[in-house]
Structures are given as C-alpha cells and as structure tokens.
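Structure data follow from protein-v9.txt (compact mmCIF, C-alpha atoms and all ligand atoms):
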```
# COMPACT_ATOMS: atom_id res chain seq x y z
CA MET G 1 89.47 118.23 101.37
CA HIS G 2 86.65 116.93 99.21
CA ILE G 3 85.94 113.18 98.95
CA LEU G 4 84.37 111.52 95.93
CA ARG G 5 83.15 107.92 96.47
CA LEU G 6 82.82 105.85 93.30
CA PRO G 7 81.49 102.27 93.69
CA VAL G 8 83.06 100.19 90.91
CA GLY G 9 83.00 96.62 89.59
CA ILE G 10 80.95 93.57 90.52
CA TYR G 11 81.80 93.90 94.24
CA GLN G 12 80.89 97.61 94.17
CA THR G 13 84.24 98.44 95.69
CA ASN G 14 84.42 102.04 96.85
CA SER G 15 87.16 103.82 94.93
CA TYR G 16 87.80 107.19 96.51
CA VAL G 17 89.16 110.32 94.87
CA LEU G 18 90.44 112.85 97.41
CA PHE G 19 90.57 116.44 96.16
CA CYS G 20 92.76 119.13 97.70
CA GLY G 21 91.23 122.18 96.09
CA LYS G 22 90.37 121.41 92.47
CA ARG G 23 93.81 120.56 91.14
CA HIS G 24 95.45 118.08 93.47
CA THR G 25 94.17 114.53 93.94
CA LEU G 26 94.89 111.17 95.53
CA LEU G 27 93.23 108.02 94.25
CA VAL G 28 92.48 105.22 96.71
CA ASP G 29 91.61 101.62 95.72
CA PRO G 30 91.14 101.67 91.93
CA GLY G 31 89.05 98.49 91.98
CA ASP G 32 87.62 98.49 88.45
CA ASP G 33 86.06 100.74 85.77
CA PRO G 34 89.29 102.57 84.82
CA GLY G 35 87.42 104.92 82.47
CA THR G 36 85.22 106.21 85.30
CA LEU G 37 88.23 106.76 87.53
CA LEU G 38 90.24 108.49 84.79
CA SER G 39 87.31 110.87 84.12
CA ALA G 40 87.08 111.65 87.83
CA ILE G 41 90.72 112.73 88.04
CA ALA G 42 90.89 114.37 84.60
CA GLY G 43 92.59 117.78 84.68
CA THR G 44 94.09 117.25 88.15
CA HIS G 45 97.56 116.45 89.36
CA LEU G 46 97.35 112.92 90.76
CA ALA G 47 99.98 112.72 93.50
CA ALA G 48 99.69 108.97 94.17
CA ILE G 49 97.49 105.89 93.98
CA LEU G 50 97.13 104.40 97.46
CA LEU G 51 95.74 101.00 98.41
CA THR G 52 93.99 100.18 101.67
CA HIS G 53 95.07 96.57 101.01
CA GLY G 54 96.06 94.31 98.16
CA HIS G 55 92.88 92.32 97.37
CA PRO G 56 91.99 92.09 93.67
CA ASP G 57 88.61 93.83 94.09
CA HIS G 58 90.62 96.93 95.15
CA THR G 59 93.35 96.70 92.51
CA GLY G 60 91.47 95.67 89.32
CA ALA G 61 92.19 98.97 87.54
CA LEU G 62 95.55 99.59 89.18
CA ALA G 63 97.81 98.66 86.26
CA GLU G 64 95.76 100.72 83.80
CA LEU G 65 95.56 103.78 86.08
CA ARG G 66 99.26 103.70 86.82
CA GLN G 67 100.06 103.33 83.13
CA ALA G 68 97.75 106.20 82.18
CA THR G 69 98.82 108.63 84.92
CA GLY G 70 102.39 107.70 85.84
CA ALA G 71 101.43 108.26 89.50
CA PRO G 72 103.35 106.24 92.11
CA VAL G 73 101.53 103.32 93.74
CA GLY G 74 101.61 103.00 97.53
CA VAL G 75 100.77 99.97 99.67
CA HIS G 76 101.87 98.53 103.02
CA PRO G 77 104.86 96.18 102.46
CA ALA G 78 102.95 93.22 103.95
CA ASP G 79 100.47 93.36 101.05
CA ALA G 80 102.95 94.33 98.31
CA GLU G 81 103.15 90.89 96.74
CA LEU G 82 99.35 90.78 96.24
CA LEU G 83 99.51 93.61 93.68
CA PRO G 84 99.41 93.11 89.89
CA VAL G 85 102.26 95.66 89.56
CA PRO G 86 105.22 96.31 91.87
CA PRO G 87 104.53 99.28 94.20
CA ASP G 88 106.64 102.46 94.18
CA LEU G 89 105.94 103.57 97.76
CA LYS G 90 105.85 101.47 100.88
CA LEU G 91 103.27 102.79 103.33
CA HIS G 92 104.17 102.51 107.00
CA ASP G 93 102.25 103.19 110.20
CA GLY G 94 102.33 106.91 110.98
CA GLN G 95 103.51 107.95 107.52
CA VAL G 96 102.08 111.19 106.10
CA VAL G 97 101.32 111.49 102.37
CA HIS G 98 101.13 115.04 101.00
CA PHE G 99 99.14 116.24 97.99
CA GLY G 100 98.85 119.93 97.25
CA ARG G 101 98.55 121.57 100.66
CA CYS G 102 96.63 118.59 102.08
CA ARG G 103 97.79 115.40 103.72
CA VAL G 104 96.61 112.00 104.86
CA ARG G 105 98.10 109.86 107.62
CA VAL G 106 98.62 106.11 107.25
CA HIS G 107 97.62 103.74 110.07
CA HIS G 108 98.47 100.02 109.94
CA LEU G 109 95.27 98.03 110.60
CA PRO G 110 96.23 94.34 110.21
CA GLY G 111 93.55 91.64 110.27
CA HIS G 112 91.55 91.59 107.03
CA THR G 113 94.98 91.30 105.37
CA PRO G 114 98.42 91.59 107.00
CA GLY G 115 99.07 94.89 105.21
CA SER G 116 95.68 96.58 105.57
CA VAL G 117 95.89 100.29 106.34
CA GLY G 118 93.50 103.06 107.23
CA LEU G 119 93.95 106.58 105.87
CA GLN G 120 93.17 109.39 108.28
CA LEU G 121 91.79 112.44 106.49
CA SER G 122 91.08 115.90 107.83
CA GLY G 123 87.87 116.44 109.75
CA HIS G 124 87.68 113.15 111.68
CA ARG G 125 87.27 111.01 108.58
CA TRP G 126 89.01 107.70 107.95
CA LEU G 127 89.14 105.46 104.90
CA VAL G 128 89.18 102.02 106.54
CA GLY G 129 89.21 99.65 103.57
CA ASP G 130 87.71 96.26 104.49
CA THR G 131 88.61 96.53 108.21
CA ILE G 132 85.10 97.46 109.38
CA PHE G 133 81.67 97.89 107.78
CA PRO G 134 78.32 99.07 109.11
CA GLY G 135 77.29 96.23 111.45
CA GLY G 136 80.46 94.17 111.57
CA PRO G 137 84.16 93.59 110.94
CA GLY G 138 85.67 92.78 107.57
CA HIS G 139 86.06 89.25 106.26
CA THR G 140 88.82 87.09 107.74
CA ASP G 141 90.29 83.79 106.53
CA SER G 142 91.24 82.18 109.85
CA PRO G 143 90.57 82.41 113.61
CA ALA G 144 94.05 83.97 114.03
CA ASP G 145 93.21 86.68 111.47
CA PHE G 146 89.89 87.32 113.21
CA ALA G 147 91.64 87.70 116.60
CA GLN G 148 94.11 90.10 114.96
CA LEU G 149 91.31 92.14 113.41
CA MET G 150 89.46 92.38 116.74
CA GLN G 151 92.67 93.60 118.39
CA THR G 152 93.11 96.21 115.65
CA LEU G 153 89.53 97.42 116.10
CA TRP G 154 89.90 97.57 119.88
CA GLN G 155 93.25 99.36 119.87
CA ARG G 156 93.08 101.56 116.77
CA ILE G 157 89.45 102.25 115.79
CA PHE G 158 87.30 102.26 118.93
CA VAL G 159 89.72 104.66 120.66
CA LEU G 160 88.90 107.36 118.10
CA PRO G 161 86.46 110.20 118.85
CA ARG G 162 82.88 108.89 118.62
CA LYS G 163 82.07 111.33 115.81
CA THR G 164 84.80 109.85 113.57
CA GLN G 165 83.39 108.90 110.16
CA LEU G 166 84.46 105.49 108.85
CA LEU G 167 84.43 105.21 105.05
CA PRO G 168 84.63 101.53 104.15
CA GLY G 169 85.82 99.64 101.07
CA HIS G 170 82.25 98.62 100.18
CA GLY G 171 78.88 100.16 100.99
CA GLU G 172 77.87 103.21 102.96
CA PRO G 173 79.88 105.18 105.53
CA THR G 174 79.36 104.63 109.25
CA THR G 175 80.73 106.25 112.42
CA VAL G 176 82.58 105.05 115.51
CA ASP G 177 79.55 106.20 117.48
CA HIS G 178 77.15 104.07 115.43
CA GLU G 179 79.27 100.91 115.79
CA TYR G 180 80.35 101.50 119.39
CA GLU G 181 77.58 99.78 121.34
CA PRO G 182 77.14 96.77 118.98
CA PHE G 183 80.95 96.22 119.03
CA HIS G 184 81.16 96.33 122.80
CA THR G 185 78.10 94.11 123.20
CA PHE G 186 79.81 91.59 120.89
CA LEU G 187 82.97 91.79 123.04
CA ARG G 188 81.00 91.20 126.23
CA LYS G 189 79.19 88.15 124.78
CA GLY G 190 82.48 86.71 123.53
CA TRP G 191 82.85 84.55 120.45
CA ALA G 192 83.66 80.95 119.58
CA GLU G 193 87.41 80.27 119.48
CA ASP G 194 87.14 79.14 115.87
CA ALA G 195 85.10 82.14 114.70
CA TYR G 196 86.14 83.84 111.48
CA GLY G 197 84.71 84.61 108.06
CA ASP G 198 81.87 87.09 107.69
CA VAL G 199 81.04 87.87 111.29
CA ARG G 200 78.47 90.51 112.27
CA TRP G 201 78.22 92.22 115.65
CA ASP G 202 74.83 90.54 116.11
CA THR G 203 76.22 87.06 115.24
CA LYS G 204 75.24 84.54 117.89
CA PRO G 205 78.32 82.73 119.21
CA GLY G 206 78.78 79.33 117.58
CA VAL G 207 75.82 79.62 115.20
CA PRO G 208 77.18 79.28 111.66
CA GLY G 209 73.83 80.23 110.14
CA SER G 210 74.19 83.79 111.35
CA MET G 211 77.22 84.45 109.14
CA THR G 212 76.49 86.72 106.22
CA PRO G 213 77.73 85.47 102.85
CA SER G 214 76.53 88.70 101.21
CA MET G 215 79.60 90.52 102.50
CA GLN G 216 81.95 87.89 101.15
CA HIS G 217 84.48 89.13 98.67
CA ALA G 218 88.10 88.55 97.78
ZN ZN I 301 89.48 92.90 100.96
ZN ZN I 302 87.02 94.46 99.32
```
What does this structure look like when you write it as structure tokens?
Ligand SMILES: [Zn+2]
Ligand SMILES: [Zn+2]
Amino acid sequence: MHILRLPVGIYQTNSYVLFCGKRHTLLVDPGDDPGTLLSAIAGTHLAAILLTHGHPDHTGALAELRQATGAPVGVHPADAELLPVPPDLKLHDGQVVHFGRCRVRVHHLPGHTPGSVGLQLSGHRWLVGDTIFPGGPGHTDSPADFAQLMQTLWQRIFVLPRKTQLLPGHGEPTTVDHEYEPFHTFLRKGWAEDAYGDVRWDTKPGVPGSMTPSMQHA
C-alpha cells in the first residue's frame, strides 16, 4: 500500500490518498482543495471517502468529492451529524474496509471528538487524525474530553509496537517510539484537573502560558 499525504487548506490538513496498486484508492479527510484531490485520484477506482472525524477542516471538500466521484462516505456514527452531507457508511471499532486487495482497520479513538477514529494500515502505520501530534495530544474542548483522550492514548496508542508510525491530521508523521518517553513523563508529572485545550507533553502543570495556540484548529 502506497500513501500520498497532501496538506490542504488554511489549516494544512493532511488529506491522505491510499493506493492499493495503481488502480484502487481510498481517500481520507478531504479537507480542502478539491481539484488537487481529484487529480490525485484521477484514473483510479475510489472505493470510499473515510473521515478520521467530522471537523470542518477535514471535510471542506467532502461534498464536492462525493459529488464528483460517487464514492460512499464513511464516518463514526458519533461524528455523523458534524458532516456537511449525510454519510453512507458508519464506521465502527474493529471494522475492516476493503479496497482492491488491500484493507484498513478502523479503531475508535474518542477524545478529540466523540467519533474520532484511527485507521490501521499495513506495515505498522496508523492514520490518527487529530488524536495525537508530534509532541502532544490533539486539541480538546473540556477537561472531560481531555481525560477521555488521555485514556484513549493510554489504552489504544501507547500499547502499539514502538516502531508504529503515526500519521496525523496536520503536520509531519511521528512514531510511538518517539512520543513514548515524553507521554509517560507527562503521565508521571500529572496534570491540573481542569487541563484541556492545546496541551503539549512538556506543558508545565497549571501554567496556562505553556499552551500552544499554534496547534489550535476547528
Ligand atoms: Zn479536529
Ligand atoms: Zn484538524
């Protein structure tokens, strides 16, 4: 399986095109720039358009891509109402999506949104949406969401083999290995009960100034 990462739109959302051979594709998170995405999949059979979650910076070109390709749109039911168009497929934890002779497995990763999912690809690679970035977790809107996201990371991400590549919804890829020590150091230090927002693993507990507005997005 070949992965093409295309940063699109003002938030430079990573849209991913997954190729199985040259003819079969999946499109993940069509955030913006529909023309770029349509060129990338031109001449292939697009099996589905999948969303890691329903935020607008990941769905900006969704209506246009669906209209142009007729491909079914898949999202976790908990994020379905965030979409600009009604989804055709409901993605559930453990579900396998086939395209050509390849497949991806869906993992529910709630926290950044209730319906966030990760997509497990062949070769220890995961598309993780806005669940984790190099240096910190994704944005959360409340202390309860942050606690949920930390539980997801603890139970679903940091149990993966250390060599697992994490391909996020914005910016460069990272690995479980690279994030492992900073994450566990953060856990050992603990965090303020009311922590949420744009937290980084090197955030000092209770110091608002160490939040990073640069990662803020819808
Ligand atoms: Zn998001
Ligand atoms: Zn995003």
Neighbour list for His108 in chain G as a CSV table (one decimal) with C-alpha atoms, in the coordinates of the input, cut-off 8 Å, all atoms listed in the file, skip fewer than 5 positions in-chain:
```csv
chain,number,residue,atom,x,y,z
G,76,HIS,CA,101.9,98.5,103.0
G,92,HIS,CA,104.2,102.5,107.0
G,93,ASP,CA,102.2,103.2,110.2
G,94,GLY,CA,102.3,106.9,111.0
G,115,GLY,CA,99.1,94.9,105.2
G,116,SER,CA,95.7,96.6,105.6
G,117,VAL,CA,95.9,100.3,106.3
G,118,GLY,CA,93.5,103.1,107.2
```
Considering only C-alpha atoms, can you say which of G:Ala61, G:Ala78, G:Leu109, G:Val8 comes closest to Asp130 in chain G?
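The closest residue to Asp130 in chain G is G:Leu109.
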Counting only C-alpha atoms and all ligand atoms, which residues of chain G fall within 10 Å of ligand ZN 302 (chain I), and what is the closest atom pair for each with its distance in Å at one decimal, ordered by chain and rising number, as CSV?
```
residue,atom,partner,partner_atom,distance
G:Tyr11,CA,I:ZN302,ZN,7.3
G:Gln12,CA,I:ZN302,ZN,8.6
G:Thr13,CA,I:ZN302,ZN,6.1
G:Asn14,CA,I:ZN302,ZN,8.4
G:Asp29,CA,I:ZN302,ZN,9.2
G:Gly31,CA,I:ZN302,ZN,8.6
G:Thr52,CA,I:ZN302,ZN,9.3
G:His53,CA,I:ZN302,ZN,8.5
G:Gly54,CA,I:ZN302,ZN,9.1
G:His55,CA,I:ZN302,ZN,6.5
G:Pro56,CA,I:ZN302,ZN,7.9
G:Asp57,CA,I:ZN302,ZN,5.5
G:His58,CA,I:ZN302,ZN,6.0
G:Thr59,CA,I:ZN302,ZN,9.6
G:His112,CA,I:ZN302,ZN,9.4
G:Gly129,CA,I:ZN302,ZN,7.1
G:Asp130,CA,I:ZN302,ZN,5.5
G:Thr131,CA,I:ZN302,ZN,9.3
G:Gly138,CA,I:ZN302,ZN,8.5
G:His139,CA,I:ZN302,ZN,8.7
G:Pro168,CA,I:ZN302,ZN,8.9
G:Gly169,CA,I:ZN302,ZN,5.6
G:His170,CA,I:ZN302,ZN,6.4
G:Met215,CA,I:ZN302,ZN,9.0
G:Gln216,CA,I:ZN302,ZN,8.5
G:His217,CA,I:ZN302,ZN,5.9
G:Ala218,CA,I:ZN302,ZN,6.2
```
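Distances here use all atoms listed in the file; by that measure, the residue among G:Pro77, G:Gly135, G:Pro143, G:Gly190 closest to Gly171 in chain G is G:Gly135.
From CA of Leu26 in chain G back to CA of Val73 in chain G, the distance works out to 10.4 Å.
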Set the distance at 10 Å and use only C-alpha atoms: which residues neighbour Thr69 in chain G once local chain neighbours fewer than 6 positions away are removed? I'd like the list as a PyMOL selection string.
chain G and resi 38+41-42+45-49
Just how far from CA of Gly60 in chain G is CA of Leu18 in chain G, in Å to one decimal?
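Pair CA of Leu18 in chain G / CA of Gly60 in chain G returns 19.0 Å.
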Kindly give the distance, in Å, that separates CA of Gly21 in chain G and CA of Leu160 in chain G, rounded to a single decimal.
26.6 Å
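Ranking G:Val159, G:Leu167, G:Ala192, G:Leu121 by their shortest atom-to-atom distance to Ala147 in chain G, with all atoms listed in the file included, puts G:Ala192 first.
Each of G:Val128, G:Leu50, G:Leu6, G:Ala195 was checked against ligand ZN 301 (chain I) using only C-alpha atoms and all ligand atoms; the smallest atom-to-atom distance is that of G:Val128.
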Around range 76-91 of chain G, with edges along x, y and z and 6 Å added on all six sides, what centre and edge lengths do you get, in Å to one decimal, as lines of an AutoDock Vina configuration file?
```
center_x = 103.0
center_y = 97.2
center_z = 96.8
size_x = 19.3
size_y = 24.8
size_z = 26.4
```
Neighbour list for Phe146 in chain G as a count of residues only, cut-off 12 Å, all atoms listed in the file, skip fewer than 5 positions in-chain
26
Have a look at G:Phe183, G:His2, G:Leu51, G:Val97 and name the one nearest to ligand ZN 301 (chain I); count all atoms listed in the file.
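Closest candidate: G:Leu51.
Between ligand ZN 301 (chain I) and the candidates G:Leu82, G:Ala71, G:Val104, G:Val96, the tightest atom-to-atom separation, counting all atoms listed in the file, involves G:Leu82.
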Would you pick out the contacts of Ser39 in chain G at 12 Å or less, using only C-alpha atoms, so that residues sharing its chain but fewer than 5 positions from it are not included, and give the list as number ranges by chain?
G: 6, 17, 33-34, 44, 65, 68-69
